[in-house]
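Peer 1: Take this structure first; my questions come after.
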Number of protein chains: 2
Amino acid sequence: MFEAKFQTFTDASAPALGTARLKLLRAELERRGLDGFLVPRADAHQNEYVAPCDERLTWLTGFTGSAGTALVLADKAAIVVDGRYTLQAAAQVDTASFEVVPLADVSPERWIEKNLPPGARFGYDPWLITQDGLERLRRAVTVAEGTLVAVEGNPLDAVWTDRPPAPLGAVVIRDPALAGESVEAKLERLRAALHEQKLDATVLSDPHGVAWTFNIRGADVDFTPLPLSWAIIPAVGRPTLLVDGRKLSNAARDELSRHAEIVEPAYLERSLELTAANGAVIRLDQATAPALLATQIEAAGGKVSKGASPVSLMQAAKNEAELAGMRTAHVRDGAALVRFLAWFDAEAPKGNLTEIEVVCALESFRRDTGALRDVSFPSISGAGPNGAIVHYRVSEATNRRLNPGELFLIDSGAQYEDGTTDVTRTIAVGEPTPEMRDRFTRVLKGHIAIARAVFPVGASGAQLDPFARQYLWAAGLDFEHGTGHGVGAYLSVHEGPARISKLGTVPLARGMVLSNEPGYYKTGAFGIRLENLEIVVDGPEVPGAEKKLLAFETLTLAPFDRRVLDLSLMTSDEIAWLNDYHARVLKEIGPLVEGAVLDWLKAATAPLKK
Amino acid sequence: MFEAKFQTFTDASAPALGTARLKLLRAELERRGLDGFLVPRADAHQNEYVAPCDERLTWLTGFTGSAGTALVLADKAAIVVDGRYTLQAAAQVDTASFEVVPLADVSPERWIEKNLPPGARFGYDPWLITQDGLERLRRAVTVAEGTLVAVEGNPLDAVWTDRPPAPLGAVVIRDPALAGESVEAKLERLRAALHEQKLDATVLSDPHGVAWTFNIRGADVDFTPLPLSWAIIPAVGRPTLLVDGRKLSNAARDELSRHAEIVEPAYLERSLELTAANGAVIRLDQATAPALLATQIEAAGGKVSKGASPVSLMQAAKNEAELAGMRTAHVRDGAALVRFLAWFDAEAPKGNLTEIEVVCALESFRRDTGALRDVSFPSISGAGPNGAIVHYRVSEATNRRLNPGELFLIDSGAQYEDGTTDVTRTIAVGEPTPEMRDRFTRVLKGHIAIARAVFPVGASGAQLDPFARQYLWAAGLDFEHGTGHGVGAYLSVHEGPARISKLGTVPLARGMVLSNEPGYYKTGAFGIRLENLEIVVDGPEVPGAEKKLLAFETLTLAPFDRRVLDLSLMTSDEIAWLNDYHARVLKEIGPLVEGAVLDWLKAATAPLKK
C-alpha cells in the first residue's frame, strides 16, 4: 500500500480539553488584571503554516483550521471562523465553552464591540498582530469603551505547560546554480530600492523574504522550506540576520557572516533600536510585520514607513536560473503525475479507492522521483460532493470512496529543491453526466483563455481574471475564488504580491510564476478545478506594436481528462491549444515513462478533432 | 450655413491680464497676512462644468481647461495641469508669471512641499476643496513646515471686481411621467437607507443628487440641467432644500414646499447646526462635499460620516419611466445623427468641411428635432491627427479641414428633456489605409464584446473593461482611458458611481446607463473611438443558472462606418451582431427619415457577409 509521509489524516485536536484550558487561561488573565484576550491563529511572521509551538488557537480550542480567532472574556468566549471552517469548528471545539461565530456574520472586532463590557481591559500579544490589525482592534475596543493592553509575554504560553519548543530546522545555503543571483547582488538591488524610496532601512519580517535575500532555505514549518528568522537591511552598512544559532552549521554561519551580522532573534529589539537611532525611516512590511516592531522603532526615535516589503516584487520575478529550476521540477513532477494518473485510471474504475489512498499514492509517485522534499500544501482530494468543498482536506472522518459516475478532484503540489509545483486535475470515474461535461468544458475554456492571454506590460491580474470566468458567466455560473496566486521557487506555494483575481492590482511582470486555476463547484454534487502553473514571459513581437507584450508559458505537464469534454462548446482555436499542450506533455514526459504508463500517456494526449 | 448655439470656438481667455491680476491677488493676500493661496478649478459642489462666477482659475491665469490648480506664493506662482492641458496652458497663461507644471511630474501638494517657505501661512477656500483634498493639502503644508489657513471669503473674489453674479437659472419641476418616481417615494427610500446605515441625516452637496431627489432640473451651468443648490435629508423629519428663491416660480415653490423647507443657501451653516445638534451623525459625500461643511458640523456637536452619498446608487439605476425617456431620446437623436451622417458623406468628399462646420451641422440637425435643450458636452470634432487628441476641443485656432484619406472622429451628445445622449462615430473621409482598417476593426470588436457581455449580478465594470481591450492588446496596442462612464437621465453625461474601467469596482445594476467607448489613438495620425450608450438589463434566463444574469441593451441608434472594417479580423458572431444592430437602426430610424437620407441609411445598414 501507498503511504503519505508529509500529510496526516487525523485531527490532532483535543476539544475535550478546551474547557479546562480556557479555565487555566482565564485564571492567568485574572492574575494579570486582564478582562479579555485575543488568540489569533498566527505566528510572529503571519505565516500561512505555523510551527507546533505557535498553534495556540488549536491548543486552546481544539480547532485545527488554518484561520480563525478566539476571543476570551471572563464570562464568555468565541471563536470566529470563515465560511470554510464553520462546520469543522463546530465539530472540533467544545461549544459549551466557545460560541462558534461565522466571520461573514460577525467579525472579531464586531464581536468585541458587542460583548466587551465598558471599562474592561482587553489584552493582545503585539507579536501576533500587524499594525493594520491592531488599528482595527483598537477601534473596536474604543467603541466598547474598553482599554487595550499589549501583553509582555503571552499569558496563554504561561499556562501551556507542555508547549513544544521553537523549531530548529537546519538552515541550508542554496546552490548558487539554483539561486541564480548572489546575495551581494540582491543586497545591492535592495539598497538601491531603499535609496529610491528614501528609506534608511527595511525590516524583513517575512521569513520567505529573508530566505530569498540570503539564498537560504530552512525546515521550521510544514510545506514551506522557510527558516523562521528576521533581517534588517540598512541603506548604508552591514545587514543584520536574526536567526537562532543552533540552526546554523559552521559552514552556513561562515557563508552568511560574509553578508550580515548573525544575531540571536532575542536581540531584535536591540537591533531595531540601533537602526532607529537619529530618526531613521524604517520600512515595515504592512502584511507581515508585528505591531510590536512599530512600537519599538518609534520608542527608539525612528520613523516607521508602513508599506510593501521592497523584497516582495524582486522575489516574485524569478531569474533565469530559478525559472530553469522550476521547469526541471515540473518535468520531474509531470512524470510522477503521469504515473499517478495512469495508475488512477487503472484502479479507480474498480470502485475501491478512497480519497486518502489517492493522496498516499500521489505522494508515493512523487517520492519515487528521489527528489521530493515535502508536499507544498496538504493535498485536496475530493470525490463527488467533497470535490465541491473548495478548501477540503480529507481526514479519516470524512474519507470517501470514489464511486463510478462521479468526478474526482485532486489539487496537490511538491517541494523539490529546484522548484515548487501546484497542480489540479479533475478526473472522471466512470461516465460523466452531460452537466459535468458542460461545466468541465467551460472551466477548461476559461483556463485556456488565461493560458493564451496576451497583455501589455502594466496589465494586472485583475485585468486577466474575467477572461477565466466569461464562459461560466454565460451559463449563469461562477466560482468564488481568485483565478490564480503567485508561487515561489522552492518557497511558499502561495506567494505575493501578484495574483490573478479581482483584487490583483499589482502589474504582472516577466518571470513571475502564477497559478491558472478556474473552477466550478456544485454543492453536494461535484467540484471541478483545472490548474496549471504559468510563467509570465515576453509576448509575441507584433509589427506596429506600441506596447511591450507579455504572455504565459505553461509550466505544468500533465494531461487534462479529455473524457469529460463537450467538444461542441469549444472553438477550433481552443481544441488546437489543447492538442498542442498535450503534444508537448507527450514530448516532454513520454521519454521518462514506459510500458503501460507510456501507452496510457499516448492515449491521454492523442489529438482531438471537432 | 450651420451654426452652433450651445458651443463656442473662441477662447474667452485673456492671458495678458494674468500678471496684473496676480499682482492684485498678492496684494490682497498680503493684506490678509497670507503668504500663499490655492486656486483650484472648482465650485462649491465640485461640478464638472461651473458657472462663470466660479471660473476663478481662468480669471487669474487665462487658462480655460476643465481641470487645473494655481498655486500663488509671494514670489512665485504655478499652474498644475494634467497631460491633456500642458500645451494649452503654456499657450494661454503668461509663463513669465506662472510656471506651467505637468501633474504627472509634480502634484500641487508636491509643489507646495518644495516651494512653500517654512513658517509661511498658506490659505485655501474651504468651500472649494473636499475633505480628502484638504487632508492631502494639510499633509503637504505640514511637510513644508507652514501653517494652513482656511479663509473666510475668497481673497480672489475680493479683487475680481467685475465678477459675474451667481446664476439664477429657473428651477423646473420635472414631468412626473419622465421622473417615474414621486419625491415622496424617493425620500422614503432615502430615509430607509439612512436608517440602515445608522445615519441621522445626509447632506446632498451634489446638485445632481438634489435634482434627482426633488424631481427638478435647473439652468445654472452649461451642458447639465442642474440647479445649484443643497439639501439636508434627516432620517426623521422634514428635509431642507437650500436654493436661491429667485430661481423659483410661485408654482415651483408651492410644489417643492410640499416636500421640504425652502431656505436660502446663505443659511446652510445654520441648517447644519440645527441638524447636528445632540451629536447627530451626518453623512457628507466624500466626492463633492466642501471641507467647510465638516468643520461646521463638528463645531455644532455633530459627527461627520464621510462616504458615498446614499442618493448616488439610487440615481444611477434608472426606473422604467426614465429608461423609456432615454429610449425615446435616443430614437430622436438617432434620426438627427442619421441625417447628419448622410449629409457628412455627401459633403466631406468635396474636401471643404472643417471641424467647426461639422460641429455646427450636427448641432443644427439636433436643433431641428425641436427638442434640443443643450448639448451634453462640447463636441469633440477631430480630423486626422486631431482625432488622436482624446479630449480635443476645436477652436478657431486649431480648426482643421477634413482631408481625403483621413479618419474623422466626432464625439457629441444632446440634452433632451426625456434623456441625455452621448455618441462617438469615426468616419472615413475617402479611402482608409489598411492600418486604419485593422485598428478600427479591433476597436469595434472590443465594443461588440462589451455590448454582448453577459455577467452575473455583483460583477463590476472593472471586470468587463478588459473585454474591450483584448483585441488591441493582441496587437500590442491599448487606449489610455476607461471603456465607459455612467450617464444621467437629463442630467450629467458623466454620472457616477459605476463605470467600466480598471477603477470601476461598483457592481453594475439593472437600470444603470453606461457608455461603451473603446478607442485607439495614433499620435499625429488618427484617432478612433466607437461609442454607444448601453442600459444594464436582465440577462438571458439560462437553464441551470445559479446566478441572476445581467446584459446590455444598446440605446444609441446610428450606423458604424462599414467602409473602415477589415472583415477578415471578425468572427461570424461579431458580424452577426453588427448586422443585427444595423437592422435595428434601419427599423427604428428608417420610418423617421426619407428620400436621400433613407437611401443613405439603407446602404449604411446593409448586411455584411464575410
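In the C-alpha cells, each chain is lettered A, B, ... as it comes, each chain's residues begin at 1, and ligands are numbered from 1 in order of appearance.
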Among segment 276-424 of chain A, which residues does DSSP mark as strand (DSSP E) when it is run on the backbone? Keep the chain and numbering as in the structure and answer as a ChimeraX atom specification.
Peer 2: /A:281-285,303-307,372-375,380-383,406-412,414-416,419-420,423-424
Peer 1: Which residues come within 7 Å of segment 38-52 of chain B, counting only C-alpha atoms, excluding same-chain residues fewer than 6 positions away, as a PyMOL selection string?
Peer 2: chain B and resi 67-72+123-124+127-128+164+167+205-206+220-222+288-290
Peer 1: Identify all chain B residues at most 10 Å from chain A by counting only C-alpha atoms; ligands do not count. Present them as a count of residues only.
Peer 2: 42
Peer 1: Can you check which residues of segment 151-353 of chain B DSSP gives as helix (DSSP H, G or I) on the backbone and send them as a compact mmCIF listing (two decimals) with N, CA and C atoms, in the first residue's frame?
Peer 2:
```txt
# COMPACT_ATOMS: atom_id res chain seq x y z
N PRO B 155 -10.22 85.58 -1.13
CA PRO B 155 -9.50 86.82 -1.43
C PRO B 155 -9.47 87.15 -2.93
N LEU B 156 -9.56 86.11 -3.76
CA LEU B 156 -9.60 86.37 -5.21
C LEU B 156 -10.89 87.10 -5.57
N ASP B 157 -12.00 86.68 -4.96
CA ASP B 157 -13.27 87.34 -5.23
C ASP B 157 -13.23 88.82 -4.83
N ALA B 158 -12.43 89.10 -3.80
CA ALA B 158 -12.34 90.49 -3.32
C ALA B 158 -11.71 91.40 -4.36
N VAL B 159 -10.84 90.85 -5.20
CA VAL B 159 -10.17 91.71 -6.19
C VAL B 159 -10.75 91.52 -7.60
N PRO B 176 -43.87 64.31 -14.05
CA PRO B 176 -43.91 63.03 -13.33
C PRO B 176 -43.79 61.83 -14.26
N ALA B 177 -44.28 61.96 -15.48
CA ALA B 177 -44.22 60.85 -16.44
C ALA B 177 -42.77 60.56 -16.83
N LEU B 178 -41.92 61.57 -16.76
CA LEU B 178 -40.50 61.37 -17.08
C LEU B 178 -39.71 60.95 -15.85
N ALA B 179 -40.09 61.49 -14.68
CA ALA B 179 -39.37 61.17 -13.44
C ALA B 179 -39.64 59.73 -13.01
N VAL B 183 -41.39 62.29 -5.44
CA VAL B 183 -40.44 62.78 -4.44
C VAL B 183 -40.68 62.06 -3.11
N GLU B 184 -41.97 61.86 -2.78
CA GLU B 184 -42.28 61.14 -1.53
C GLU B 184 -41.61 59.77 -1.52
N ALA B 185 -41.76 59.04 -2.61
CA ALA B 185 -41.21 57.68 -2.67
C ALA B 185 -39.68 57.72 -2.57
N LYS B 186 -39.07 58.69 -3.23
CA LYS B 186 -37.61 58.79 -3.17
C LYS B 186 -37.14 59.11 -1.76
N LEU B 187 -37.85 60.06 -1.11
CA LEU B 187 -37.47 60.42 0.27
C LEU B 187 -37.65 59.23 1.20
N GLU B 188 -38.70 58.44 0.93
CA GLU B 188 -38.94 57.24 1.73
C GLU B 188 -37.74 56.29 1.63
N ARG B 189 -37.31 56.05 0.39
CA ARG B 189 -36.17 55.15 0.17
C ARG B 189 -34.90 55.70 0.81
N LEU B 190 -34.74 57.03 0.71
CA LEU B 190 -33.55 57.67 1.28
C LEU B 190 -33.54 57.51 2.80
N ARG B 191 -34.71 57.73 3.41
CA ARG B 191 -34.78 57.60 4.88
C ARG B 191 -34.47 56.17 5.30
N ALA B 192 -34.97 55.21 4.52
CA ALA B 192 -34.68 53.80 4.84
C ALA B 192 -33.18 53.55 4.76
N ALA B 193 -32.54 54.13 3.75
CA ALA B 193 -31.09 53.95 3.62
C ALA B 193 -30.35 54.59 4.80
N LEU B 194 -30.85 55.74 5.25
CA LEU B 194 -30.22 56.41 6.41
C LEU B 194 -30.37 55.54 7.65
N HIS B 195 -31.56 55.00 7.85
CA HIS B 195 -31.78 54.12 9.00
C HIS B 195 -30.84 52.93 8.93
N GLU B 196 -30.77 52.31 7.75
CA GLU B 196 -29.96 51.11 7.60
C GLU B 196 -28.49 51.41 7.89
N PRO B 207 -25.45 68.86 -6.65
CA PRO B 207 -26.73 69.34 -7.17
C PRO B 207 -27.44 68.32 -8.05
N HIS B 208 -26.67 67.40 -8.67
CA HIS B 208 -27.33 66.34 -9.45
C HIS B 208 -28.21 65.49 -8.52
N GLY B 209 -27.70 65.25 -7.31
CA GLY B 209 -28.45 64.46 -6.34
C GLY B 209 -29.67 65.20 -5.85
N VAL B 210 -29.54 66.52 -5.68
CA VAL B 210 -30.69 67.34 -5.30
C VAL B 210 -31.74 67.28 -6.40
N ALA B 211 -31.28 67.42 -7.65
CA ALA B 211 -32.20 67.41 -8.80
C ALA B 211 -32.94 66.09 -8.87
N TRP B 212 -32.22 64.98 -8.67
CA TRP B 212 -32.86 63.66 -8.74
C TRP B 212 -33.87 63.51 -7.61
N THR B 213 -33.46 63.87 -6.39
CA THR B 213 -34.31 63.63 -5.23
C THR B 213 -35.63 64.42 -5.31
N GLY B 245 -34.11 81.75 -3.80
CA GLY B 245 -35.55 81.89 -4.04
C GLY B 245 -35.88 82.49 -5.38
N ARG B 246 -34.93 83.25 -5.95
CA ARG B 246 -35.22 83.90 -7.23
C ARG B 246 -35.26 82.90 -8.38
N LYS B 247 -34.83 81.65 -8.12
CA LYS B 247 -34.89 80.63 -9.18
C LYS B 247 -36.26 79.96 -9.23
N ASN B 250 -43.65 80.80 -8.37
CA ASN B 250 -44.56 80.51 -7.26
C ASN B 250 -45.02 79.06 -7.31
N ALA B 251 -45.26 78.58 -8.53
CA ALA B 251 -45.74 77.20 -8.69
C ALA B 251 -44.66 76.22 -8.24
N ALA B 252 -43.43 76.48 -8.65
CA ALA B 252 -42.34 75.58 -8.28
C ALA B 252 -42.15 75.59 -6.76
N ARG B 253 -42.22 76.79 -6.19
CA ARG B 253 -42.07 76.90 -4.74
C ARG B 253 -43.18 76.13 -4.01
N ASP B 254 -44.39 76.26 -4.50
CA ASP B 254 -45.50 75.56 -3.86
C ASP B 254 -45.28 74.06 -3.91
N GLU B 255 -44.88 73.59 -5.10
CA GLU B 255 -44.68 72.15 -5.27
C GLU B 255 -43.56 71.66 -4.34
N LEU B 256 -42.43 72.39 -4.32
CA LEU B 256 -41.30 71.93 -3.52
C LEU B 256 -41.58 72.04 -2.03
N SER B 257 -42.39 73.03 -1.66
CA SER B 257 -42.71 73.21 -0.24
C SER B 257 -43.50 72.03 0.32
N PRO B 265 -29.55 79.54 0.41
CA PRO B 265 -28.26 78.86 0.59
C PRO B 265 -27.38 79.53 1.65
N ALA B 266 -27.56 80.82 1.86
CA ALA B 266 -26.75 81.52 2.88
C ALA B 266 -26.99 80.93 4.27
N TYR B 267 -28.12 80.22 4.44
CA TYR B 267 -28.42 79.64 5.74
C TYR B 267 -27.96 78.19 5.88
N LEU B 268 -27.06 77.75 4.98
CA LEU B 268 -26.60 76.36 5.04
C LEU B 268 -25.96 76.06 6.39
N GLU B 269 -25.08 76.97 6.86
CA GLU B 269 -24.39 76.70 8.13
C GLU B 269 -25.41 76.57 9.27
N ARG B 270 -26.35 77.48 9.29
CA ARG B 270 -27.37 77.46 10.35
C ARG B 270 -28.19 76.16 10.28
N SER B 271 -28.52 75.73 9.05
CA SER B 271 -29.28 74.49 8.87
C SER B 271 -28.46 73.30 9.36
N LEU B 272 -27.17 73.31 9.06
CA LEU B 272 -26.31 72.21 9.52
C LEU B 272 -26.24 72.21 11.04
N GLU B 273 -26.16 73.39 11.64
CA GLU B 273 -26.11 73.49 13.11
C GLU B 273 -27.33 72.85 13.74
N LEU B 274 -28.49 73.16 13.17
CA LEU B 274 -29.73 72.59 13.71
C LEU B 274 -29.73 71.07 13.56
N THR B 275 -29.25 70.60 12.40
CA THR B 275 -29.24 69.15 12.14
C THR B 275 -28.23 68.45 13.04
N ALA B 276 -27.12 69.13 13.31
CA ALA B 276 -26.01 68.49 14.04
C ALA B 276 -26.23 68.45 15.54
N ALA B 277 -27.27 69.13 16.01
CA ALA B 277 -27.48 69.20 17.45
C ALA B 277 -27.61 67.80 18.05
N ASN B 278 -27.24 67.67 19.30
CA ASN B 278 -27.32 66.39 20.02
C ASN B 278 -26.47 65.28 19.40
N GLY B 279 -25.37 65.67 18.77
CA GLY B 279 -24.41 64.66 18.31
C GLY B 279 -24.88 63.83 17.13
N ALA B 291 -15.00 70.80 2.40
CA ALA B 291 -14.43 70.53 3.72
C ALA B 291 -15.08 71.40 4.79
N LEU B 292 -15.49 72.61 4.40
CA LEU B 292 -16.08 73.54 5.36
C LEU B 292 -17.29 72.93 6.08
N LEU B 293 -18.08 72.14 5.35
CA LEU B 293 -19.28 71.57 5.97
C LEU B 293 -18.90 70.65 7.13
N ALA B 294 -17.81 69.90 6.98
CA ALA B 294 -17.36 69.03 8.06
C ALA B 294 -17.01 69.85 9.29
N THR B 295 -16.30 70.94 9.07
CA THR B 295 -15.93 71.83 10.17
C THR B 295 -17.18 72.36 10.87
N GLN B 296 -18.14 72.78 10.07
CA GLN B 296 -19.35 73.36 10.65
C GLN B 296 -20.15 72.33 11.44
N ILE B 297 -20.25 71.11 10.89
CA ILE B 297 -20.99 70.05 11.58
C ILE B 297 -20.33 69.73 12.90
N GLU B 298 -18.99 69.60 12.87
CA GLU B 298 -18.28 69.23 14.09
C GLU B 298 -18.34 70.36 15.13
N ALA B 299 -18.27 71.60 14.65
CA ALA B 299 -18.35 72.74 15.57
C ALA B 299 -19.71 72.77 16.27
N PRO B 310 -25.94 58.56 -0.22
CA PRO B 310 -26.91 57.47 -0.41
C PRO B 310 -27.76 57.64 -1.67
N VAL B 311 -27.77 58.85 -2.22
CA VAL B 311 -28.54 59.11 -3.44
C VAL B 311 -27.87 58.47 -4.65
N SER B 312 -26.55 58.40 -4.59
CA SER B 312 -25.76 58.11 -5.79
C SER B 312 -26.16 56.81 -6.49
N LEU B 313 -26.25 55.71 -5.74
CA LEU B 313 -26.61 54.43 -6.37
C LEU B 313 -28.07 54.39 -6.81
N MET B 314 -28.95 55.04 -6.02
CA MET B 314 -30.37 55.08 -6.40
C MET B 314 -30.54 55.80 -7.72
N GLN B 315 -29.84 56.93 -7.84
CA GLN B 315 -29.95 57.76 -9.03
C GLN B 315 -29.40 57.05 -10.25
N ALA B 316 -28.35 56.23 -10.04
CA ALA B 316 -27.69 55.57 -11.17
C ALA B 316 -28.59 54.51 -11.80
N GLU B 320 -38.22 52.56 -14.89
CA GLU B 320 -38.75 52.27 -16.24
C GLU B 320 -39.14 53.53 -16.99
N ALA B 321 -39.68 54.52 -16.29
CA ALA B 321 -40.07 55.76 -16.97
C ALA B 321 -38.84 56.49 -17.47
N GLU B 322 -37.80 56.53 -16.64
CA GLU B 322 -36.57 57.19 -17.08
C GLU B 322 -35.96 56.46 -18.28
N LEU B 323 -35.98 55.13 -18.23
CA LEU B 323 -35.41 54.36 -19.34
C LEU B 323 -36.24 54.55 -20.60
N ALA B 324 -37.57 54.61 -20.45
CA ALA B 324 -38.42 54.86 -21.61
C ALA B 324 -38.06 56.22 -22.22
N GLY B 325 -37.84 57.21 -21.35
CA GLY B 325 -37.44 58.54 -21.84
C GLY B 325 -36.09 58.48 -22.55
N MET B 326 -35.17 57.74 -21.98
CA MET B 326 -33.85 57.62 -22.61
C MET B 326 -33.98 56.97 -23.99
N ARG B 327 -34.85 55.94 -24.06
CA ARG B 327 -35.03 55.27 -25.37
C ARG B 327 -35.62 56.24 -26.39
N THR B 328 -36.65 56.97 -25.98
CA THR B 328 -37.27 57.93 -26.90
C THR B 328 -36.25 58.98 -27.35
N ALA B 329 -35.48 59.47 -26.38
CA ALA B 329 -34.47 60.49 -26.71
C ALA B 329 -33.46 59.93 -27.72
N HIS B 330 -33.14 58.66 -27.58
CA HIS B 330 -32.14 58.08 -28.48
C HIS B 330 -32.69 57.80 -29.87
N VAL B 331 -33.98 57.54 -29.98
CA VAL B 331 -34.56 57.42 -31.32
C VAL B 331 -34.53 58.79 -31.99
N ARG B 332 -34.95 59.82 -31.27
CA ARG B 332 -34.93 61.18 -31.81
C ARG B 332 -33.51 61.58 -32.21
N ASP B 333 -32.56 61.30 -31.27
CA ASP B 333 -31.17 61.66 -31.53
C ASP B 333 -30.63 60.84 -32.70
N GLY B 334 -31.07 59.58 -32.80
CA GLY B 334 -30.60 58.72 -33.89
C GLY B 334 -31.02 59.27 -35.24
N ALA B 335 -32.25 59.77 -35.32
CA ALA B 335 -32.71 60.35 -36.59
C ALA B 335 -31.86 61.56 -36.96
N ALA B 336 -31.54 62.40 -35.95
CA ALA B 336 -30.70 63.57 -36.21
C ALA B 336 -29.30 63.12 -36.64
N LEU B 337 -28.79 62.09 -35.99
CA LEU B 337 -27.46 61.57 -36.33
C LEU B 337 -27.43 61.02 -37.75
N VAL B 338 -28.48 60.29 -38.11
CA VAL B 338 -28.51 59.70 -39.45
C VAL B 338 -28.56 60.82 -40.50
N ARG B 339 -29.36 61.84 -40.25
CA ARG B 339 -29.39 62.98 -41.18
C ARG B 339 -28.00 63.61 -41.29
N PHE B 340 -27.37 63.75 -40.14
CA PHE B 340 -26.03 64.34 -40.11
C PHE B 340 -25.04 63.46 -40.88
N LEU B 341 -25.09 62.15 -40.63
CA LEU B 341 -24.11 61.25 -41.25
C LEU B 341 -24.29 61.22 -42.77
N ALA B 342 -25.57 61.25 -43.22
CA ALA B 342 -25.84 61.26 -44.65
C ALA B 342 -25.32 62.56 -45.27
N TRP B 343 -25.59 63.68 -44.58
CA TRP B 343 -25.07 64.97 -45.03
C TRP B 343 -23.53 64.94 -45.11
N PHE B 344 -22.91 64.37 -44.05
CA PHE B 344 -21.46 64.31 -43.97
C PHE B 344 -20.89 63.54 -45.15
N ASP B 345 -21.52 62.39 -45.47
CA ASP B 345 -20.99 61.57 -46.56
C ASP B 345 -21.13 62.26 -47.91
N ALA B 346 -22.11 63.13 -48.01
CA ALA B 346 -22.26 63.87 -49.26
C ALA B 346 -21.26 65.02 -49.36
N GLU B 347 -20.99 65.67 -48.21
CA GLU B 347 -20.17 66.88 -48.23
C GLU B 347 -18.68 66.62 -48.05
N ALA B 348 -18.34 65.70 -47.17
CA ALA B 348 -16.93 65.54 -46.79
C ALA B 348 -16.02 65.26 -47.98
N PRO B 349 -16.45 64.39 -48.92
CA PRO B 349 -15.53 64.08 -50.04
C PRO B 349 -15.16 65.31 -50.87
N LYS B 350 -15.97 66.37 -50.79
CA LYS B 350 -15.65 67.58 -51.57
C LYS B 350 -14.42 68.27 -51.03
```
Peer 1: Name the residues in contact with Arg393 of chain A at a cut-off of 10 Å, using only C-alpha atoms, excluding same-chain residues fewer than 5 positions from it; report them as an mmCIF file with N, CA, C and O atoms, in the first residue's frame.
Peer 2:
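Once everything was written out, this is result-v1.cif:
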```cif
data_model
loop_
_atom_site.group_PDB
_atom_site.id
_atom_site.type_symbol
_atom_site.label_atom_id
_atom_site.label_comp_id
_atom_site.auth_asym_id
_atom_site.auth_seq_id
_atom_site.Cartn_x
_atom_site.Cartn_y
_atom_site.Cartn_z
ATOM 1 N N THR A 8 -0.980 14.231 7.158
ATOM 2 C CA THR A 8 -1.703 13.320 8.047
ATOM 3 C C THR A 8 -3.190 13.433 7.786
ATOM 4 O O THR A 8 -3.656 14.403 7.182
ATOM 5 N N PHE A 9 -3.920 12.453 8.257
ATOM 6 C CA PHE A 9 -5.356 12.425 8.009
ATOM 7 C C PHE A 9 -6.142 12.329 9.309
ATOM 8 O O PHE A 9 -7.325 12.040 9.311
ATOM 9 N N GLY A 65 -8.223 24.358 11.952
ATOM 10 C CA GLY A 65 -8.216 25.032 10.649
ATOM 11 C C GLY A 65 -7.088 26.051 10.531
ATOM 12 O O GLY A 65 -6.435 26.393 11.517
ATOM 13 N N GLU A 355 -10.322 8.600 -0.977
ATOM 14 C CA GLU A 355 -9.608 9.877 -1.111
ATOM 15 C C GLU A 355 -8.225 9.793 -0.484
ATOM 16 O O GLU A 355 -7.234 10.276 -1.040
ATOM 17 N N ILE A 356 -8.125 9.168 0.701
ATOM 18 C CA ILE A 356 -6.828 9.098 1.394
ATOM 19 C C ILE A 356 -5.853 8.232 0.611
ATOM 20 O O ILE A 356 -4.680 8.590 0.443
ATOM 21 N N PRO A 378 -1.145 20.547 2.002
ATOM 22 C CA PRO A 378 -1.883 19.293 2.148
ATOM 23 C C PRO A 378 -2.773 19.087 0.923
ATOM 24 O O PRO A 378 -3.558 19.969 0.569
ATOM 25 N N SER A 379 -2.651 17.942 0.274
ATOM 26 C CA SER A 379 -3.417 17.690 -0.946
ATOM 27 C C SER A 379 -4.910 17.805 -0.680
ATOM 28 O O SER A 379 -5.402 17.400 0.372
ATOM 29 N N ILE A 380 -5.609 18.366 -1.661
ATOM 30 C CA ILE A 380 -7.071 18.395 -1.611
ATOM 31 C C ILE A 380 -7.551 17.266 -2.504
ATOM 32 O O ILE A 380 -7.325 17.295 -3.716
ATOM 33 N N SER A 381 -8.143 16.252 -1.885
ATOM 34 C CA SER A 381 -8.532 15.040 -2.599
ATOM 35 C C SER A 381 -10.013 14.861 -2.364
ATOM 36 O O SER A 381 -10.445 14.396 -1.305
ATOM 37 N N GLY A 382 -10.833 15.252 -3.360
ATOM 38 C CA GLY A 382 -12.277 15.309 -3.133
ATOM 39 C C GLY A 382 -13.055 14.477 -4.135
ATOM 40 O O GLY A 382 -13.054 14.781 -5.328
ATOM 41 N N ASN A 386 -17.502 15.920 -2.107
ATOM 42 C CA ASN A 386 -16.358 16.510 -1.403
ATOM 43 C C ASN A 386 -15.524 17.410 -2.328
ATOM 44 O O ASN A 386 -14.840 18.321 -1.862
ATOM 45 N N THR A 398 -13.798 12.031 7.208
ATOM 46 C CA THR A 398 -14.537 12.442 6.001
ATOM 47 C C THR A 398 -14.199 11.583 4.795
ATOM 48 O O THR A 398 -14.791 11.754 3.739
ATOM 49 N N ASN A 399 -13.226 10.710 4.938
ATOM 50 C CA ASN A 399 -12.709 9.922 3.814
ATOM 51 C C ASN A 399 -13.850 9.254 3.045
ATOM 52 O O ASN A 399 -14.724 8.628 3.622
#
```
Peer 1: Using only C-alpha atoms, which of A:Asp94, A:Asp54, A:Glu363, A:Asp75 sits nearest Arg21 of chain A?
Peer 2: A:Asp94
Peer 1: Give me, as a list in words, all polymer residues having an atom no more than 7 Å from Val93 of chain B, counting only C-alpha atoms and skipping those fewer than 5 positions away in the same chain.
Peer 2: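 The residues that qualify are Pro15, Gly18, Thr61, Gly62, Phe63 and Phe98 of chain B.
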